[in-house]
Amino acid sequence: MKPGHTKALSAATLTFLRPLVRIFLRNGLAAKTFFELAKQIYVEVARDECGVKGKKASISRIAILTGLTRKEVQLLLTNPETRSTASEEQYNRAARVIGGWLKDPAFGDGKGHPAPLQLNGRRGSFSALVK
């Protein structure tokens with residue numbers, strides 16, 4: 001791609017991503033999950049549209065075109081839902097724990113702020129929060 005085109009494409013990408021990221025943030029979609037979804041789409045499009053002589057692209061070709069490793073490409077092609085679902089579940093659990101700490105009065109300092117947590121204990125501890 002020509003240098004001027006790269007700059008213009010980057011600017012256009014930032015313009016259309018901004019409203020999407022606003023939606024993602026409002027709905028709790030972590031950047032890591034977005035990255036995994038983007039990798040998945042890159043791999044699918046490269047596979048379907050960048051093959052030679054009407055054939056789907058090989059793993060090596062997809063890796064070269066996308067900048068991903070062959071191992072990542074293979075994983076995304078064989079198990080596309082696993083990676084994005086796993087990272088989303090991990091993020092959602094962490095978000096729930098932090099949200100509970102910030103909002104639940106049982107874990108607050110009485111002034112509307114989250115209190116320092118002890119690691120273990122029945123009440124007001126990290127282990128109680130995680131449960």
# chains A, B, ... in the order shown; residues from 1 in each chain; ligands from 1
>>> residues_around(residues="Trp101 (chain A)", least_positions_apart="6", cutoff="8 Å", atoms="only C-alpha atoms", output="ChimeraX atom specification")
/A:107-108,114,129
>>> residues_around(residues="region 59-64 of chain A", least_positions_apart="3", cutoff="7 Å", atoms="only C-alpha atoms", output="VMD selection string")
chain A and resid 43 46 to 47 67 to 70 73 to 74
>>> write_last_selection(atoms="C-alpha atoms", output="PDB file, in the first residue's frame")
ATOM      1  CA  VAL A  43      -8.212 -14.630   9.682  1.00  0.00           C
ATOM      2  CA  ALA A  46      -7.880 -13.594   4.621  1.00  0.00           C
ATOM      3  CA  ARG A  47      -8.908 -17.257   4.347  1.00  0.00           C
ATOM      4  CA  GLY A  67       0.733 -10.446  10.839  1.00  0.00           C
ATOM      5  CA  LEU A  68      -0.345 -13.253  13.172  1.00  0.00           C
ATOM      6  CA  THR A  69       1.707 -16.361  13.849  1.00  0.00           C
ATOM      7  CA  ARG A  70       0.829 -19.598  12.080  1.00  0.00           C
ATOM      8  CA  VAL A  73      -4.034 -18.678  12.726  1.00  0.00           C
ATOM      9  CA  GLN A  74      -4.363 -22.437  13.183  1.00  0.00           C
TER      10      GLN A  74
END
>>> atom_distance(atom1="CA of Gly124 (chain A)", atom2="CA of Pro105 (chain A)")
9.5 Å
>>> closest_residue(among="A:Gly121, A:Leu75, A:Ala95, A:Phe126", to="Gln40 (chain A)", atoms="only C-alpha atoms")
A:Leu75
